[in-house]
file run.cif (mmCIF, C-alpha atoms and all ligand atoms)
data_protein
#
loop_
_atom_site.label_atom_id
_atom_site.label_comp_id
_atom_site.auth_asym_id
_atom_site.auth_seq_id
_atom_site.Cartn_x
_atom_site.Cartn_y
_atom_site.Cartn_z
CA MET U 1 43.29 -62.68 77.26
CA ALA U 2 42.49 -61.38 73.79
CA PRO U 3 41.07 -57.86 73.77
CA SER U 4 37.27 -58.01 73.64
CA LEU U 5 35.83 -57.30 70.21
CA PRO U 6 33.89 -54.12 69.51
CA THR U 7 30.11 -54.23 69.02
CA ALA U 8 29.23 -57.00 66.62
CA HIS U 9 27.27 -55.68 63.67
CA THR U 10 27.05 -58.58 61.25
CA PRO U 11 26.05 -62.20 61.83
CA TYR U 12 29.65 -63.37 61.43
CA GLN U 13 30.96 -60.72 63.81
CA ARG U 14 28.38 -61.85 66.32
CA PHE U 15 29.58 -65.43 65.93
CA GLN U 16 33.21 -64.32 66.33
CA LYS U 17 32.40 -62.50 69.53
CA ASN U 18 30.98 -65.67 71.09
CA LEU U 19 33.79 -67.78 69.66
CA ALA U 20 36.49 -65.45 71.05
CA GLU U 21 34.98 -65.73 74.50
CA VAL U 22 34.87 -69.51 74.41
CA MET U 23 38.37 -69.82 72.97
CA ASP U 24 39.63 -67.82 75.95
CA TYR U 25 37.65 -70.06 78.28
CA LEU U 26 39.18 -73.18 76.69
CA GLU U 27 42.64 -71.56 76.64
CA LEU U 28 43.24 -72.49 73.00
CA SER U 29 46.63 -71.92 71.38
CA ALA U 30 47.15 -69.31 68.65
CA ALA U 31 47.29 -72.05 65.99
CA GLU U 32 44.00 -73.57 67.18
CA ARG U 33 42.34 -70.16 67.23
CA LYS U 34 43.45 -69.50 63.68
CA LEU U 35 41.91 -72.74 62.39
CA LEU U 36 38.57 -71.95 63.99
CA ASP U 37 38.25 -68.28 63.22
CA ARG U 38 37.45 -68.64 59.51
CA PRO U 39 35.80 -71.12 57.15
CA GLN U 40 38.00 -73.68 55.42
CA LEU U 41 36.39 -72.99 52.02
CA ILE U 42 34.09 -70.34 50.57
CA HIS U 43 32.36 -71.17 47.26
CA LYS U 44 30.42 -68.38 45.53
CA LYS U 45 28.70 -68.50 42.17
CA GLU U 46 26.12 -66.57 40.21
CA ILE U 47 23.37 -68.96 39.19
CA SER U 48 20.91 -68.12 36.44
CA ILE U 49 17.49 -69.33 35.44
CA VAL U 50 14.97 -68.43 32.74
CA ARG U 51 11.91 -66.86 34.38
CA ASP U 52 8.40 -67.82 33.28
CA ASN U 53 8.26 -64.58 31.29
CA GLY U 54 11.23 -65.73 29.21
CA LYS U 55 13.74 -63.33 30.80
CA LYS U 56 16.99 -64.52 32.31
CA GLN U 57 17.64 -63.80 35.99
CA THR U 58 20.80 -64.28 38.01
CA PHE U 59 21.10 -64.86 41.77
CA PRO U 60 24.18 -64.89 44.03
CA ALA U 61 24.63 -68.38 45.52
CA PHE U 62 26.93 -69.67 48.25
CA ARG U 63 28.23 -72.87 49.80
CA ILE U 64 30.49 -72.17 52.73
CA GLN U 65 32.37 -75.06 54.33
CA PHE U 66 33.42 -74.12 57.82
CA ASN U 67 35.07 -77.17 59.33
CA ASN U 68 35.26 -80.88 58.45
CA ALA U 69 37.61 -82.15 61.18
CA ARG U 70 34.90 -84.45 62.57
CA GLY U 71 33.34 -85.65 59.29
CA PRO U 72 31.79 -84.49 56.01
CA TYR U 73 30.52 -80.92 55.99
CA LYS U 74 26.82 -80.74 56.88
CA GLY U 75 24.21 -78.01 56.77
CA GLY U 76 21.15 -76.65 55.03
CA ILE U 77 20.59 -74.33 52.09
CA ARG U 78 18.38 -71.29 52.55
CA PHE U 79 16.56 -69.31 49.89
CA HIS U 80 16.21 -65.77 51.25
CA PRO U 81 16.77 -62.18 50.07
CA LEU U 82 19.13 -61.57 53.03
CA ALA U 83 21.24 -64.71 52.52
CA ASP U 84 24.60 -63.06 51.79
CA GLU U 85 28.16 -64.27 52.28
CA ASP U 86 28.44 -62.97 55.83
CA GLU U 87 25.22 -64.57 57.02
CA VAL U 88 25.91 -67.92 55.34
CA LYS U 89 29.41 -67.90 56.87
CA ALA U 90 27.98 -67.41 60.36
CA LEU U 91 25.41 -70.15 59.82
CA ALA U 92 28.11 -72.53 58.53
CA ALA U 93 30.14 -71.91 61.68
CA LEU U 94 27.12 -72.59 63.89
CA MET U 95 26.59 -75.89 62.04
CA ALA U 96 30.14 -77.05 62.85
CA ILE U 97 29.54 -76.38 66.53
CA LYS U 98 26.04 -77.90 66.43
CA THR U 99 27.12 -81.25 64.96
CA ALA U 100 29.85 -81.42 67.60
CA VAL U 101 27.45 -80.57 70.45
CA VAL U 102 25.24 -83.53 69.52
CA GLY U 103 28.30 -85.67 68.87
CA ILE U 104 27.48 -86.82 65.33
CA PRO U 105 30.41 -87.55 62.99
CA MET U 106 29.97 -84.55 60.70
CA GLY U 107 31.36 -81.08 60.21
CA GLY U 108 29.61 -77.81 59.43
CA ALA U 109 28.64 -75.92 56.28
CA LYS U 110 25.78 -73.82 54.96
CA GLY U 111 24.39 -72.80 51.62
CA GLY U 112 22.28 -69.94 50.43
CA VAL U 113 20.68 -68.43 47.38
CA GLN U 114 19.97 -64.72 47.62
CA CYS U 115 16.47 -64.70 46.18
CA ASN U 116 12.89 -64.17 47.25
CA PRO U 117 11.24 -67.57 46.83
CA LYS U 118 7.83 -66.02 47.46
CA GLU U 119 8.14 -64.25 44.11
CA LEU U 120 9.09 -67.41 42.23
CA SER U 121 6.72 -69.93 40.65
CA ARG U 122 7.13 -73.63 41.38
CA LYS U 123 8.82 -74.10 38.03
CA GLU U 124 11.25 -71.24 38.73
CA LEU U 125 12.02 -72.66 42.20
CA GLU U 126 12.86 -75.99 40.62
CA ALA U 127 15.15 -74.23 38.14
CA VAL U 128 16.95 -72.40 40.99
CA SER U 129 17.36 -75.67 42.93
CA ARG U 130 18.82 -77.55 39.97
CA ALA U 131 21.08 -74.63 39.01
CA TYR U 132 22.41 -74.55 42.58
CA VAL U 133 23.42 -78.21 42.42
CA ARG U 134 25.06 -77.84 39.00
CA ALA U 135 27.05 -74.86 40.31
CA PHE U 136 28.39 -76.69 43.38
CA ALA U 137 28.34 -80.33 42.21
CA ASP U 138 32.14 -80.66 42.50
CA HIS U 139 32.09 -79.56 46.15
CA ILE U 140 29.22 -81.64 47.55
CA GLY U 141 28.57 -85.39 47.87
CA THR U 142 27.92 -88.17 50.40
CA ASP U 143 31.45 -88.13 51.86
CA ILE U 144 32.25 -84.49 51.13
CA ASP U 145 29.42 -82.15 52.02
CA VAL U 146 25.78 -83.06 52.61
CA PRO U 147 23.19 -80.25 52.25
CA ALA U 148 19.67 -80.20 53.72
CA PRO U 149 16.63 -77.93 54.06
CA ASP U 150 16.77 -74.60 55.86
CA VAL U 151 14.68 -71.39 55.68
CA ASN U 152 12.26 -71.63 52.69
CA THR U 153 13.63 -74.93 51.37
CA THR U 154 11.55 -78.10 51.45
CA PRO U 155 11.71 -81.89 50.91
CA GLU U 156 10.52 -81.30 47.34
CA ILE U 157 13.50 -79.01 46.73
CA MET U 158 15.82 -81.67 48.19
CA ALA U 159 14.33 -84.19 45.72
CA TRP U 160 15.06 -81.88 42.76
CA MET U 161 18.58 -81.40 44.06
CA ARG U 162 19.28 -85.11 44.47
CA ASP U 163 17.79 -85.79 41.04
CA GLU U 164 20.02 -83.15 39.45
CA PHE U 165 23.10 -84.47 41.26
CA GLU U 166 22.32 -88.00 40.02
CA LYS U 167 22.04 -86.65 36.49
CA VAL U 168 25.27 -84.66 36.43
CA LYS U 169 27.55 -86.39 38.91
CA GLU U 170 26.76 -89.84 40.32
CA PRO U 171 24.02 -92.24 39.18
CA TYR U 172 22.83 -93.20 42.70
CA ALA U 173 23.51 -90.90 45.61
CA PRO U 174 20.91 -91.17 48.39
CA GLY U 175 23.45 -89.87 50.92
CA MET U 176 24.33 -86.65 49.08
CA ILE U 177 21.50 -84.64 50.65
CA THR U 178 19.06 -85.03 53.56
CA GLY U 179 15.54 -83.85 54.30
CA LYS U 180 14.32 -85.67 51.19
CA PRO U 181 10.73 -86.88 50.72
CA LEU U 182 10.04 -90.39 52.08
CA ALA U 183 9.43 -91.64 48.53
CA TYR U 184 12.96 -90.70 47.48
CA GLY U 185 15.32 -91.67 50.30
CA GLY U 186 13.94 -89.61 53.16
CA SER U 187 13.81 -90.75 56.80
CA LEU U 188 10.75 -91.08 58.96
CA GLY U 189 10.74 -88.30 61.53
CA ARG U 190 12.95 -85.86 59.60
CA ASP U 191 10.08 -83.45 58.88
CA THR U 192 9.34 -82.93 62.57
CA ALA U 193 12.90 -83.41 63.88
CA THR U 194 13.94 -79.81 64.60
CA ALA U 195 10.85 -79.20 66.71
CA ARG U 196 10.99 -82.67 68.25
CA GLY U 197 14.57 -82.13 69.48
CA GLY U 198 13.64 -78.74 70.96
CA PHE U 199 10.56 -80.26 72.55
CA PHE U 200 12.63 -83.00 74.25
CA ILE U 201 14.94 -80.34 75.67
CA LEU U 202 12.07 -78.19 76.86
CA ASN U 203 10.50 -81.17 78.66
CA GLU U 204 13.81 -81.88 80.35
CA LEU U 205 14.11 -78.23 81.37
CA VAL U 206 10.59 -78.31 82.83
CA LYS U 207 11.59 -81.38 84.84
CA MET U 208 14.91 -80.01 86.08
CA GLU U 209 13.43 -76.64 87.06
CA LYS U 210 10.40 -78.34 88.65
CA LEU U 211 7.91 -76.34 86.54
CA HIS U 212 4.34 -77.32 85.67
CA LYS U 213 3.61 -77.66 81.96
CA LYS U 214 -0.03 -76.79 82.32
CA LYS U 215 0.84 -73.45 83.90
CA LEU U 216 3.37 -72.43 81.24
CA LYS U 217 2.57 -69.84 78.58
CA VAL U 218 4.62 -70.03 75.41
CA ALA U 219 5.04 -67.57 72.51
CA VAL U 220 6.42 -68.93 69.23
CA GLN U 221 7.83 -66.60 66.58
CA GLY U 222 7.80 -68.19 63.13
CA PHE U 223 5.31 -70.62 61.64
CA GLY U 224 7.54 -72.47 59.20
CA ASN U 225 8.46 -76.13 59.62
CA ALA U 226 10.14 -75.72 63.03
CA GLY U 227 7.80 -73.15 64.60
CA ALA U 228 4.50 -74.64 63.47
CA THR U 229 5.47 -78.18 64.49
CA MET U 230 6.77 -76.99 67.86
CA ALA U 231 3.54 -75.07 68.55
CA ARG U 232 1.59 -78.26 67.80
CA PHE U 233 3.76 -80.45 70.07
CA LEU U 234 3.44 -77.94 72.91
CA HIS U 235 -0.32 -77.60 72.54
CA GLU U 236 -0.75 -81.40 72.49
CA ALA U 237 1.42 -81.76 75.61
CA GLY U 238 -0.67 -79.29 77.61
CA PHE U 239 1.42 -76.10 77.43
CA THR U 240 -0.56 -72.95 76.59
CA VAL U 241 0.62 -71.47 73.30
CA VAL U 242 -0.40 -67.83 73.70
CA ALA U 243 1.01 -66.42 70.47
CA VAL U 244 2.30 -67.47 67.07
CA SER U 245 3.43 -65.47 64.05
CA ASP U 246 4.78 -65.68 60.52
CA SER U 247 6.64 -63.13 58.41
CA LYS U 248 3.43 -61.09 58.00
CA GLY U 249 2.64 -60.78 61.73
CA GLY U 250 1.03 -62.79 64.49
CA ILE U 251 -1.86 -63.44 66.83
CA TYR U 252 -2.07 -63.36 70.62
CA ASN U 253 -4.57 -64.88 72.99
CA PRO U 254 -3.61 -65.15 76.68
CA LYS U 255 -6.03 -68.10 76.99
CA GLY U 256 -4.24 -69.98 74.22
CA VAL U 257 -4.41 -70.43 70.44
CA ASP U 258 -4.90 -73.75 68.69
CA PRO U 259 -1.91 -74.29 66.37
CA VAL U 260 -3.80 -76.85 64.27
CA ARG U 261 -6.53 -74.32 63.51
CA VAL U 262 -3.92 -71.65 62.84
CA GLY U 263 -2.21 -74.04 60.42
CA LYS U 264 -5.48 -74.45 58.53
CA THR U 265 -5.97 -70.68 58.41
CA LYS U 266 -2.46 -70.27 57.02
CA GLU U 267 -3.12 -72.89 54.37
CA GLU U 268 -6.30 -71.12 53.30
CA THR U 269 -5.22 -67.48 53.54
CA GLY U 270 -1.42 -67.54 53.43
CA SER U 271 -1.04 -66.03 56.92
CA VAL U 272 -1.67 -67.03 60.54
CA PHE U 273 -4.36 -64.46 61.26
CA GLY U 274 -7.93 -64.94 60.24
CA LYS U 275 -11.33 -65.45 61.80
CA THR U 276 -10.73 -69.12 62.55
CA SER U 277 -7.43 -68.47 64.35
CA GLY U 278 -8.96 -66.14 66.94
CA GLY U 279 -6.90 -63.78 69.09
CA LYS U 280 -5.60 -60.26 68.74
CA VAL U 281 -3.44 -59.34 65.74
CA ILE U 282 0.12 -58.37 66.80
CA THR U 283 3.44 -57.60 65.13
CA ASN U 284 6.49 -59.83 65.31
CA GLU U 285 8.18 -57.24 67.53
CA GLU U 286 5.25 -57.26 69.95
CA LEU U 287 5.30 -61.06 70.13
CA LEU U 288 8.82 -61.05 71.55
CA GLU U 289 7.83 -58.75 74.42
CA LEU U 290 4.60 -60.51 75.44
CA PRO U 291 4.00 -61.64 79.00
CA CYS U 292 4.82 -65.35 78.82
CA ASP U 293 7.08 -67.94 80.48
CA ILE U 294 8.84 -69.36 77.44
CA LEU U 295 9.75 -67.54 74.25
CA ILE U 296 10.64 -69.56 71.18
CA PRO U 297 12.18 -67.64 68.29
CA ALA U 298 11.79 -69.99 65.32
CA ALA U 299 12.35 -67.72 62.33
CA LEU U 300 15.34 -65.54 61.50
CA ASP U 301 18.51 -64.27 63.17
CA ASN U 302 19.11 -61.04 65.09
CA VAL U 303 15.53 -60.63 66.35
CA ILE U 304 16.47 -60.37 70.04
CA ASN U 305 18.88 -57.46 70.22
CA VAL U 306 19.84 -54.40 72.30
CA GLY U 307 16.65 -52.71 71.12
CA ASN U 308 14.27 -55.16 72.81
CA ALA U 309 16.21 -57.45 75.19
CA LYS U 310 15.38 -55.31 78.22
CA ASN U 311 11.64 -55.63 77.46
CA ILE U 312 11.54 -59.40 77.26
CA LYS U 313 9.32 -60.90 79.93
CA ALA U 314 9.81 -64.62 79.33
CA LYS U 315 11.95 -66.48 81.85
CA TYR U 316 13.25 -68.99 79.32
CA ILE U 317 14.20 -68.64 75.67
CA LEU U 318 14.53 -71.71 73.47
CA GLU U 319 16.25 -70.85 70.18
CA LEU U 320 14.74 -72.91 67.37
CA ALA U 321 16.00 -70.32 64.87
CA ASN U 322 19.70 -69.99 64.14
CA GLY U 323 21.35 -66.91 65.67
CA PRO U 324 18.21 -65.13 66.95
CA THR U 325 20.00 -63.45 69.90
CA THR U 326 22.89 -60.98 69.57
CA PRO U 327 25.78 -61.14 72.07
CA GLU U 328 24.79 -57.70 73.43
CA ALA U 329 21.25 -58.96 74.04
CA ASP U 330 22.68 -62.10 75.66
CA ALA U 331 24.45 -59.94 78.25
CA ILE U 332 21.22 -58.09 79.05
CA LEU U 333 19.20 -61.33 79.31
CA GLU U 334 21.81 -62.87 81.59
CA LYS U 335 21.63 -59.90 83.92
CA LYS U 336 17.84 -60.25 84.01
CA GLY U 337 18.24 -63.94 84.95
CA ILE U 338 16.64 -65.20 81.73
CA VAL U 339 17.87 -68.65 80.75
CA VAL U 340 18.67 -69.02 77.03
CA ILE U 341 18.87 -72.52 75.54
CA PRO U 342 21.04 -71.76 72.51
CA ASP U 343 20.43 -72.66 68.86
CA VAL U 344 23.37 -75.07 68.59
CA LEU U 345 21.61 -77.27 71.13
CA ALA U 346 17.92 -76.32 70.91
CA ASN U 347 17.52 -76.82 67.14
CA ALA U 348 20.06 -79.63 66.70
CA GLY U 349 17.30 -82.25 66.34
CA GLY U 350 17.07 -81.41 62.65
CA VAL U 351 20.65 -82.17 61.80
CA THR U 352 20.63 -85.19 64.10
CA VAL U 353 17.84 -86.85 62.14
CA SER U 354 19.58 -85.70 58.94
CA TYR U 355 22.51 -87.78 60.15
CA PHE U 356 20.12 -90.73 60.68
CA GLU U 357 18.87 -90.22 57.12
CA TRP U 358 22.41 -90.08 55.77
CA SER U 359 23.30 -93.30 57.64
CA GLN U 360 20.22 -95.04 56.25
CA GLY U 361 21.12 -93.81 52.75
CA ARG U 362 24.62 -95.28 53.02
CA SER U 363 23.60 -98.62 54.56
CA GLY U 364 20.33 -99.16 52.72
CA GLU U 365 18.54 -99.73 56.03
CA GLN U 366 15.16 -98.22 56.87
CA TRP U 367 14.48 -97.33 60.47
CA THR U 368 11.03 -97.19 62.03
CA ALA U 369 9.53 -93.96 63.36
CA ASP U 370 10.01 -95.30 66.89
CA ASP U 371 13.69 -96.05 66.24
CA VAL U 372 14.25 -92.50 65.04
CA ASP U 373 12.36 -90.96 67.93
CA GLU U 374 14.12 -93.03 70.57
CA ARG U 375 17.58 -92.38 69.19
CA LEU U 376 16.85 -88.67 68.83
CA HIS U 377 15.62 -88.55 72.40
CA ARG U 378 18.77 -90.26 73.68
CA ILE U 379 21.07 -87.87 71.79
CA MET U 380 19.19 -84.70 72.78
CA HIS U 381 19.07 -85.81 76.39
CA ALA U 382 22.81 -86.57 76.54
CA SER U 383 23.72 -83.33 74.73
CA TYR U 384 21.61 -81.21 77.04
CA LYS U 385 23.20 -82.90 80.04
CA ALA U 386 26.71 -82.24 78.70
CA VAL U 387 25.85 -78.56 78.21
CA ARG U 388 24.20 -78.19 81.61
CA ASP U 389 27.17 -79.85 83.33
CA GLU U 390 29.62 -77.56 81.54
CA ALA U 391 27.56 -74.48 82.43
CA LYS U 392 27.59 -75.51 86.08
CA LYS U 393 31.28 -76.39 86.11
CA GLY U 394 32.42 -73.17 84.43
CA LYS U 395 29.69 -70.93 85.90
CA ILE U 396 28.88 -69.81 82.36
CA SER U 397 25.75 -69.35 80.26
CA HIS U 398 24.22 -72.25 78.35
CA ARG U 399 25.41 -70.64 75.10
CA MET U 400 29.02 -70.47 76.26
CA ALA U 401 28.74 -73.99 77.65
CA ALA U 402 27.35 -75.36 74.37
CA PHE U 403 30.09 -73.57 72.44
CA ALA U 404 32.67 -74.96 74.88
CA VAL U 405 31.40 -78.53 74.41
CA GLY U 406 31.26 -78.17 70.60
CA VAL U 407 34.51 -76.28 70.08
CA GLY U 408 36.25 -78.55 72.60
CA ARG U 409 35.28 -81.63 70.55
CA ILE U 410 36.37 -80.07 67.25
CA VAL U 411 39.73 -79.08 68.69
CA GLU U 412 40.23 -82.51 70.22
CA THR U 413 39.77 -84.09 66.78
CA MET U 414 42.04 -81.54 65.10
CA ARG U 415 44.70 -82.38 67.67
CA VAL U 416 44.52 -86.16 67.16
CA ARG U 417 44.56 -85.66 63.40
CA GLY U 418 47.75 -83.62 63.71
CA TRP U 419 46.20 -80.42 62.28
CA VAL U 420 47.46 -78.50 65.27
CA ARG U 421 50.28 -79.31 67.62
N1 LIG A 1 18.99 -76.33 58.48
C1 LIG A 1 18.99 -77.13 59.67
C2 LIG A 1 19.90 -76.50 60.71
O1 LIG A 1 20.19 -75.34 60.68
C3 LIG A 1 19.29 -78.60 59.39
C4 LIG A 1 20.62 -78.86 58.79
C5 LIG A 1 20.83 -80.30 58.36
O2 LIG A 1 19.95 -81.12 58.55
O3 LIG A 1 21.90 -80.57 57.82
O4 LIG A 1 20.31 -77.14 61.65
#

call {"tool": "encode", "arguments": {"input": "run.cif", "output": "structure tokens"}}
result
Amino acid sequence: MAPSLPTAHTPYQRFQKNLAEVMDYLELSAAERKLLDRPQLIHKKEISIVRDNGKKQTFPAFRIQFNNARGPYKGGIRFHPLADEDEVKALAALMAIKTAVVGIPMGGAKGGVQCNPKELSRKELEAVSRAYVRAFADHIGTDIDVPAPDVNTTPEIMAWMRDEFEKVKEPYAPGMITGKPLAYGGSLGRDTATARGGFFILNELVKMEKLHKKKLKVAVQGFGNAGATMARFLHEAGFTVVAVSDSKGGIYNPKGVDPVRVGKTKEETGSVFGKTSGGKVITNEELLELPCDILIPAALDNVINVGNAKNIKAKYILELANGPTTPEADAILEKKGIVVIPDVLANAGGVTVSYFEWSQGRSGEQWTADDVDERLHRIMHASYKAVRDEAKKGKISHRMAAFAVGVGRIVETMRVRGWVR
């Protein structure tokens, strides 16, 4: 047994702590451990744009390629002030495990630009997006590494990126990026896919645990693409969404909030609270500790930690965000009997439909919305079953089980390819 790592302070250390535990569980050799403990390639550049005021500004930008044993690197690009090398590295690693958990033939990578997109105009955002692609054009492509949306990046940004790539690198490359608008090589169902995948898993959980939807209270942290869509799906299916939030704060109503109305309020005012939303104004920290049955972190990492894990009242946590729970918090939640459905499974619907989009881009086919939904359902169902079975077999948490399934598949491929002997 490797000595257990000290407290994990950074996102990558937190990933390593989980990875070390699962590598012990799988009894991997020293050579296998070495190949999994660090990214294969780290690309860093400073990208610059001319601001609307005529001044030049430079931003650190990253593309980190963790593992491509199972197929081309795959993973989103986030625009966020906290997107540094360590965080992007951790997110790239999670992508490699995620694609393996859902069994799609792709590896894992992540990109980031350390900037605050809320302070940039549309024109400046476009300039950042195009500069990103020019900086990394030699390292991405349909069969090499396929980016996608992530925190603060949208279909429109994907369109600018594809357009730039087609200008500087390859005249026609629909498969070089996913999450594109429908009018420019996107797939039906990609916009709602992250939430849809999580929703399928939650329904399955409700069935397995013999719960009653109508009696379940859910709190959703984050009102971006994943969080807002999930809140809507839940509300439509009869769950009671008691709280939602965005980066500015949230609202709580034990009788339920209407996510469609909240969405309208956000469109009009820029935040989820307002007269039409109803409910009591709360902070993001308060949201996590509300009395509810299911808690869905759908924003940033590290929000459930030693500081608040003991106060969490939900019985189930479904991680639509990447890395929302620290390993120390995981230990506390496990002791309290709280079931955590981990990010690499819960939010894998997004990358799964990205893979559908990539396939359609390569073949020229166009699938119907029903095709996408059915195939996504089948994959999420099978992946959840694989994780549940592993958890039962090894008497381990769902996170460790998902890591075991994902890492196990990556190692299996590395072995057959002769990367490790
Ligand atoms: N950013 C999403 C994730 O973290 C989607 C990635 C993709 O579609 O490649 O899973």

call {"tool": "residues_around", "arguments": {"input": "run.cif", "residues": "U:Thr10", "least_positions_apart": "5", "cutoff": "10 Å", "atoms": "all atoms listed in the file", "output": "JSON, numbers by chain"}}
result
{"U": [15, 16, 86, 87, 90, 302, 326]}

call {"tool": "axis_aligned_box", "arguments": {"input": "run.cif", "around": "ligand LIG 1 (chain A)", "padding_each_side": "5 Å", "output": "AutoDock Vina command-line options"}}
result
--center_x 20.4 --center_y -78.2 --center_z 59.7 --size_x 12.9 --size_y 15.8 --size_z 13.8

call {"tool": "atom_distance", "arguments": {"input": "run.cif", "atom1": "atom CA of U:Asp293", "atom2": "atom CA of U:Met400"}}
result
22.5 Å

call {"tool": "residues_near_point", "arguments": {"input": "run.cif", "point": "(20.9, -65.3, 78.5)", "cutoff": "10 Å", "atoms": "all atoms listed in the file", "output": "list in words"}}
result
Ala309, Lys315, Tyr316, Ile317, Thr325, Pro327, Glu328, Ala329, Asp330, Ala331, Ile332, Leu333, Glu334, Lys335, Lys336, Gly337, Ile338, Val339, Val340, Ile341, Pro342, Ile396, Ser397, His398, Arg399 and Met400 of chain U

call {"tool": "closest_residue", "arguments": {"input": "run.cif", "among": "U:Arg51, U:Lys110, U:Lys207, U:Lys217", "to": "ligand LIG 1 (chain A)", "atoms": "only C-alpha atoms and all ligand atoms"}}
result
U:Lys110

call {"tool": "atom_distance", "arguments": {"input": "run.cif", "atom1": "atom CA of U:Ala109", "atom2": "atom CA of U:Pro171"}}
result
24.1 Å

call {"tool": "closest_atom_pairs", "arguments": {"input": "run.cif", "of": "stretch 318-387 of chain U", "to": "stretch 187-196 of chain U", "cutoff": "7 Å", "atoms": "all atoms listed in the file", "output": "CSV"}}
result
residue,atom,partner,partner_atom,distance
U:Asn347,CA,U:Thr194,CA,5.3
U:Ala348,CA,U:Thr194,CA,6.5
U:Gly349,CA,U:Thr194,CA,4.5
U:Gly350,CA,U:Thr194,CA,4.0
U:Val353,CA,U:Arg190,CA,5.6
U:Ser354,CA,U:Arg190,CA,6.7
U:Glu357,CA,U:Ser187,CA,5.1
U:Thr368,CA,U:Leu188,CA,6.8
U:Ala369,CA,U:Leu188,CA,5.4
U:Val372,CA,U:Gly189,CA,6.5

call {"tool": "closest_atom_pairs", "arguments": {"input": "run.cif", "of": "chain U", "to": "ligand LIG 1 (chain A)", "cutoff": "10 Å", "atoms": "all atoms listed in the file", "output": "tab-separated table"}}
result
residue	atom	partner	partner_atom	distance
U:Tyr73	CA	A:LIG1	O3	8.8
U:Lys74	CA	A:LIG1	O3	5.0
U:Gly75	CA	A:LIG1	O3	3.6
U:Gly76	CA	A:LIG1	N1	4.1
U:Ile77	CA	A:LIG1	N1	6.9
U:Arg78	CA	A:LIG1	N1	7.8
U:Leu91	CA	A:LIG1	O1	7.4
U:Ala92	CA	A:LIG1	O1	8.7
U:Leu94	CA	A:LIG1	O1	8.1
U:Met95	CA	A:LIG1	O4	6.4
U:Ala96	CA	A:LIG1	O4	9.9
U:Lys98	CA	A:LIG1	O4	7.5
U:Thr99	CA	A:LIG1	O4	8.6
U:Met106	CA	A:LIG1	O3	9.4
U:Gly107	CA	A:LIG1	O3	9.8
U:Gly108	CA	A:LIG1	O3	8.3
U:Ala109	CA	A:LIG1	O3	8.3
U:Lys110	CA	A:LIG1	N1	8.0
U:Gly111	CA	A:LIG1	N1	9.4
U:Asp145	CA	A:LIG1	O3	9.6
U:Val146	CA	A:LIG1	O3	7.0
U:Pro147	CA	A:LIG1	O3	5.7
U:Ala148	CA	A:LIG1	O3	4.7
U:Pro149	CA	A:LIG1	N1	5.3
U:Asp150	CA	A:LIG1	N1	3.8
U:Val151	CA	A:LIG1	N1	7.1
U:Thr153	CA	A:LIG1	N1	9.0
U:Ile177	CA	A:LIG1	O3	8.3
U:Thr178	CA	A:LIG1	O2	6.4
U:Gly179	CA	A:LIG1	O2	6.7
U:Arg190	CA	A:LIG1	O2	8.5
U:Ala193	CA	A:LIG1	O2	9.1
U:Thr194	CA	A:LIG1	O4	7.5
U:Ala226	CA	A:LIG1	C1	9.6
U:Leu320	CA	A:LIG1	O1	9.0
U:Ala321	CA	A:LIG1	O1	7.8
U:Asn322	CA	A:LIG1	O1	6.4
U:Gly323	CA	A:LIG1	O1	9.9
U:Asp343	CA	A:LIG1	O4	8.5
U:Val344	CA	A:LIG1	O4	7.9
U:Leu345	CA	A:LIG1	O4	9.6
U:Ala346	CA	A:LIG1	O4	9.6
U:Asn347	CA	A:LIG1	O4	6.2
U:Ala348	CA	A:LIG1	O4	5.6
U:Gly349	CA	A:LIG1	O4	7.6
U:Gly350	CA	A:LIG1	C3	4.8
U:Val351	CA	A:LIG1	O2	3.5
U:Thr352	CA	A:LIG1	O2	6.9
U:Val353	CA	A:LIG1	O2	7.1
U:Ser354	CA	A:LIG1	O2	4.6
U:Tyr355	CA	A:LIG1	O2	7.3
U:Phe356	CA	A:LIG1	O2	9.8
U:Glu357	CA	A:LIG1	O2	9.3
U:Trp358	CA	A:LIG1	O2	9.7

call {"tool": "closest_residue", "arguments": {"input": "run.cif", "among": "U:Ala8, U:Ala31, U:Leu287, U:Val260", "to": "U:His235", "atoms": "all atoms listed in the file"}}
result
U:Val260

call {"tool": "decode", "arguments": {"input": "run.cif", "residues": "stretch 73-90 of chain U", "atoms": "C-alpha atoms", "output": "PDB file, in the first residue's frame"}}
result
ATOM      1  CA  TYR U  73      -8.306  13.779 -26.259  1.00  0.00           C
ATOM      2  CA  LYS U  74     -11.691  15.275 -25.351  1.00  0.00           C
ATOM      3  CA  GLY U  75     -12.827  18.012 -23.015  1.00  0.00           C
ATOM      4  CA  GLY U  76     -14.156  21.532 -22.705  1.00  0.00           C
ATOM      5  CA  ILE U  77     -12.537  24.949 -22.464  1.00  0.00           C
ATOM      6  CA  ARG U  78     -13.465  27.219 -19.569  1.00  0.00           C
ATOM      7  CA  PHE U  79     -13.145  30.979 -19.361  1.00  0.00           C
ATOM      8  CA  HIS U  80     -12.728  31.811 -15.673  1.00  0.00           C
ATOM      9  CA  PRO U  81     -10.463  33.944 -13.454  1.00  0.00           C
ATOM     10  CA  LEU U  82      -9.518  30.836 -11.415  1.00  0.00           C
ATOM     11  CA  ALA U  83      -8.685  28.625 -14.406  1.00  0.00           C
ATOM     12  CA  ASP U  84      -4.990  28.026 -13.707  1.00  0.00           C
ATOM     13  CA  GLU U  85      -2.676  25.171 -14.643  1.00  0.00           C
ATOM     14  CA  ASP U  86      -3.457  23.107 -11.563  1.00  0.00           C
ATOM     15  CA  GLU U  87      -7.217  23.329 -11.973  1.00  0.00           C
ATOM     16  CA  VAL U  88      -7.154  22.616 -15.717  1.00  0.00           C
ATOM     17  CA  LYS U  89      -4.880  19.626 -15.048  1.00  0.00           C
ATOM     18  CA  ALA U  90      -7.353  18.179 -12.551  1.00  0.00           C
TER      19      ALA U  90
END
